[in-house]
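Below: one structure, written as C-alpha cells.
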Amino acid sequence: MNVFVDDPDIGPVLPPGESLWSHSFDTALGRCGIVWSERGIVASLLPDASLERLKRRHPTAQPVTELPAHIAQAVDGIRALLAGEARDLSDIVLDERGIPEFRRQVHALTRAIPPGQTRTYGEIANALGQPGAARAVGRAEGDNPFPPIVPCHRVMGAGGEPTGFSAPGGVETKRRMLLIEARAVGQLAGDQQKLF
C-alpha cells in the first residue's frame, strides 16, 4: 500500500517572514490547494487539500478567498484540466527559489509535455543530456511541489509503466489523471461518438 506523507521540505526555500497566501478549492478530483508568494506559485496540492493540510504544509500562509487575477486564472486552469479539458498550464508563474537547478530543469521539461502525452524518466534524463540520470529524474518528479502545474503524472517508468506517484492515492491517482487527459484529447476510441 502506498502511504502518503506530507513533506513541507520539498518546495521552494523562501526568506523568513516572506508573505504567503493559500487557497483551497474544489475540483473534479476533490479539494485542491494553492500557495503563492508575490513572485509566483510556491506549491499546489492535489486532493485532499483541506485547509488543515494547507496549514500543516505551509504554516505561515494566510488563507484567502479573494484571489488576485493571476491566481484565479491558475485555479481555473487546474479545475479545467482536472475536469477533462486539455488545458496547458505552462503560463502559470512558479516561485522556484531555492529549488536545485537540476529539479528546475526537470520541471521545465515536464511542463513541456502536452496533455494526453507522456514521457519516461529516461527520456527526460536524455533530454537533459544526462542519460544515466533516470532515477534522479524520478526523485525530482516525486519531490514536485507543483502538481498538476508541473504535470509529473505524465512521466512514466521504463516501458511506459505508471510507476510511483507521491500524491494521495498514489499510482491510481496518476492513472485517473492520465485517463481524464486522454479523453480530453480524444485518444480513447471507445469514448468517441460514431460519425454516421
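Scheme for the C-alpha cells: letters A, B, ... for chains in order shown; per-chain residue numbers from 1; ligand numbers from 1 in order shown.
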
Using the chain letters and numbers from this document, which residues of region 38-196 of chain A does DSSP assign to strand (DSSP E or B), as a PyMOL selection string? chain A and resi 41-45+62-63+94+119-120+155-156

Contact table region 149-192 of chain A vs region 66-79 of chain A, cut-off 12 Å, shortest pair per residue, only C-alpha atoms, as CSV:
```
residue,atom,partner,partner_atom,distance
A:Ile149,CA,A:Ile78,CA,7.4
A:Val150,CA,A:Ile78,CA,10.9
A:Pro151,CA,A:Ile78,CA,10.7
A:Met177,CA,A:Ile78,CA,11.7
```

Write out the residues from the selection above, keeping C-alpha atoms, as a compact mmCIF listing (two decimals), in the first residue's frame.
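out_11.txt, written as the output of this step:
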```
# COMPACT_ATOMS: atom_id res chain seq x y z
CA ILE A 149 1.04 22.69 -12.87
CA VAL A 150 4.24 20.69 -13.33
CA PRO A 151 2.46 17.58 -14.68
CA MET A 177 -5.41 11.91 -14.25
```

Nearest residue to Ile92 (chain A) out of A:Ile41, A:Leu51, A:Val185, A:Leu20, using only C-alpha atoms?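 The shortest atom-to-atom distance to Ile92 (chain A) comes from A:Ile41.
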
Of the candidates A:Arg87, A:Glu141, A:Arg135, A:Thr120, which one gets nearest to Val106 (chain A) if we count only C-alpha atoms?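 Of A:Arg87, A:Glu141, A:Arg135, A:Thr120, the one nearest Val106 (chain A) is A:Glu141, counting only C-alpha atoms.
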
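Nearest residue to Pro148 (chain A) among A:Ala49, A:Ala112, A:Leu128, A:Leu82 is A:Leu82, counting only C-alpha atoms.
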
DSSP says helix (DSSP H, G or I) for which residues of chain A? Put them as a ChimeraX atom specification? /A:51-57,69-83,101-111,121-127,134-142,152-154,158-160,170-184,189-191

Could the residues in this selection be written to a file with C-alpha atoms, as a PDB file, in the first residue's frame?
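What follows is the written file selection39.pdb:
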```pdb
ATOM      1  CA  LEU A  51      -7.423  23.896   4.999  1.00  0.00           C
ATOM      2  CA  GLU A  52      -5.769  21.803   7.729  1.00  0.00           C
ATOM      3  CA  ARG A  53      -3.369  20.160   5.257  1.00  0.00           C
ATOM      4  CA  LEU A  54      -2.535  23.516   3.675  1.00  0.00           C
ATOM      5  CA  LYS A  55      -1.800  24.931   7.126  1.00  0.00           C
ATOM      6  CA  ARG A  56       0.351  21.913   8.036  1.00  0.00           C
ATOM      7  CA  ARG A  57       2.360  22.158   4.795  1.00  0.00           C
ATOM      8  CA  ALA A  69      -6.374  37.716 -11.078  1.00  0.00           C
ATOM      9  CA  HIS A  70      -3.305  35.605 -11.914  1.00  0.00           C
ATOM     10  CA  ILE A  71      -4.047  33.169  -9.071  1.00  0.00           C
ATOM     11  CA  ALA A  72      -7.726  32.953 -10.076  1.00  0.00           C
ATOM     12  CA  GLN A  73      -6.568  32.074 -13.613  1.00  0.00           C
ATOM     13  CA  ALA A  74      -4.261  29.367 -12.211  1.00  0.00           C
ATOM     14  CA  VAL A  75      -7.115  27.907 -10.133  1.00  0.00           C
ATOM     15  CA  ASP A  76      -9.435  27.982 -13.170  1.00  0.00           C
ATOM     16  CA  GLY A  77      -6.764  26.230 -15.247  1.00  0.00           C
ATOM     17  CA  ILE A  78      -6.269  23.473 -12.674  1.00  0.00           C
ATOM     18  CA  ARG A  79     -10.030  22.989 -12.357  1.00  0.00           C
ATOM     19  CA  ALA A  80     -10.423  22.802 -16.141  1.00  0.00           C
ATOM     20  CA  LEU A  81      -7.563  20.307 -16.539  1.00  0.00           C
ATOM     21  CA  LEU A  82      -8.920  18.022 -13.813  1.00  0.00           C
ATOM     22  CA  ALA A  83     -12.443  18.306 -15.288  1.00  0.00           C
ATOM     23  CA  GLU A 101      18.908  23.667 -10.717  1.00  0.00           C
ATOM     24  CA  PHE A 102      18.566  20.006 -11.735  1.00  0.00           C
ATOM     25  CA  ARG A 103      14.999  19.864 -10.356  1.00  0.00           C
ATOM     26  CA  ARG A 104      14.154  23.165 -12.058  1.00  0.00           C
ATOM     27  CA  GLN A 105      15.349  21.727 -15.382  1.00  0.00           C
ATOM     28  CA  VAL A 106      13.235  18.606 -14.804  1.00  0.00           C
ATOM     29  CA  HIS A 107      10.233  20.847 -14.011  1.00  0.00           C
ATOM     30  CA  ALA A 108      10.753  22.820 -17.234  1.00  0.00           C
ATOM     31  CA  LEU A 109      10.904  19.685 -19.407  1.00  0.00           C
ATOM     32  CA  THR A 110       7.919  18.167 -17.629  1.00  0.00           C
ATOM     33  CA  ARG A 111       5.868  21.333 -18.182  1.00  0.00           C
ATOM     34  CA  TYR A 121      12.098   9.245 -16.685  1.00  0.00           C
ATOM     35  CA  GLY A 122      14.790   8.075 -19.107  1.00  0.00           C
ATOM     36  CA  GLU A 123      13.533  10.341 -21.887  1.00  0.00           C
ATOM     37  CA  ILE A 124      13.637  13.328 -19.534  1.00  0.00           C
ATOM     38  CA  ALA A 125      17.169  12.346 -18.447  1.00  0.00           C
ATOM     39  CA  ASN A 126      18.262  12.071 -22.094  1.00  0.00           C
ATOM     40  CA  ALA A 127      16.738  15.479 -22.877  1.00  0.00           C
ATOM     41  CA  ALA A 134      16.587   8.428 -14.860  1.00  0.00           C
ATOM     42  CA  ARG A 135      16.421   7.691 -11.113  1.00  0.00           C
ATOM     43  CA  ALA A 136      17.392  11.272 -10.263  1.00  0.00           C
ATOM     44  CA  VAL A 137      14.615  12.459 -12.576  1.00  0.00           C
ATOM     45  CA  GLY A 138      12.228  10.124 -10.747  1.00  0.00           C
ATOM     46  CA  ARG A 139      13.247  11.626  -7.406  1.00  0.00           C
ATOM     47  CA  ALA A 140      12.827  15.157  -8.796  1.00  0.00           C
ATOM     48  CA  GLU A 141       9.335  14.262 -10.065  1.00  0.00           C
ATOM     49  CA  GLY A 142       8.500  12.691  -6.694  1.00  0.00           C
ATOM     50  CA  CYS A 152       4.645  14.881 -13.123  1.00  0.00           C
ATOM     51  CA  HIS A 153       1.763  12.438 -13.655  1.00  0.00           C
ATOM     52  CA  ARG A 154       2.756  12.476 -17.360  1.00  0.00           C
ATOM     53  CA  ALA A 158      10.719   2.395 -18.206  1.00  0.00           C
ATOM     54  CA  GLY A 159       8.422   0.849 -20.798  1.00  0.00           C
ATOM     55  CA  GLY A 160       5.730   3.439 -20.129  1.00  0.00           C
ATOM     56  CA  GLY A 170      -0.549   7.052  -5.479  1.00  0.00           C
ATOM     57  CA  VAL A 171      -0.420   5.383  -8.879  1.00  0.00           C
ATOM     58  CA  GLU A 172      -4.226   5.107  -9.009  1.00  0.00           C
ATOM     59  CA  THR A 173      -4.491   8.926  -8.920  1.00  0.00           C
ATOM     60  CA  LYS A 174      -1.836   9.116 -11.648  1.00  0.00           C
ATOM     61  CA  ARG A 175      -3.809   6.687 -13.833  1.00  0.00           C
ATOM     62  CA  ARG A 176      -7.011   8.604 -13.221  1.00  0.00           C
ATOM     63  CA  MET A 177      -5.410  11.907 -14.250  1.00  0.00           C
ATOM     64  CA  LEU A 178      -3.938  10.321 -17.387  1.00  0.00           C
ATOM     65  CA  LEU A 179      -7.333   8.849 -18.294  1.00  0.00           C
ATOM     66  CA  ILE A 180      -9.008  12.255 -17.886  1.00  0.00           C
ATOM     67  CA  GLU A 181      -6.405  13.826 -20.195  1.00  0.00           C
ATOM     68  CA  ALA A 182      -6.576  11.009 -22.744  1.00  0.00           C
ATOM     69  CA  ARG A 183     -10.331  11.507 -23.036  1.00  0.00           C
ATOM     70  CA  ALA A 184      -9.838  15.267 -23.337  1.00  0.00           C
ATOM     71  CA  ALA A 189     -11.655   5.195 -29.257  1.00  0.00           C
ATOM     72  CA  GLY A 190     -14.363   3.724 -27.025  1.00  0.00           C
ATOM     73  CA  ASP A 191     -15.289   7.216 -25.862  1.00  0.00           C
TER      74      ASP A 191
END
```

Interatomic distance, CA of Met156 (chain A) to CA of Arg31 (chain A) (Å, one decimal):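 Computing the Euclidean distance for CA of Met156 (chain A) and CA of Arg31 (chain A) yields 24.8 Å.
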
Point-to-point distance from CA of Ser50 (chain A) to CA of Thr118 (chain A), Å rounded to tenths: 29.1 Å
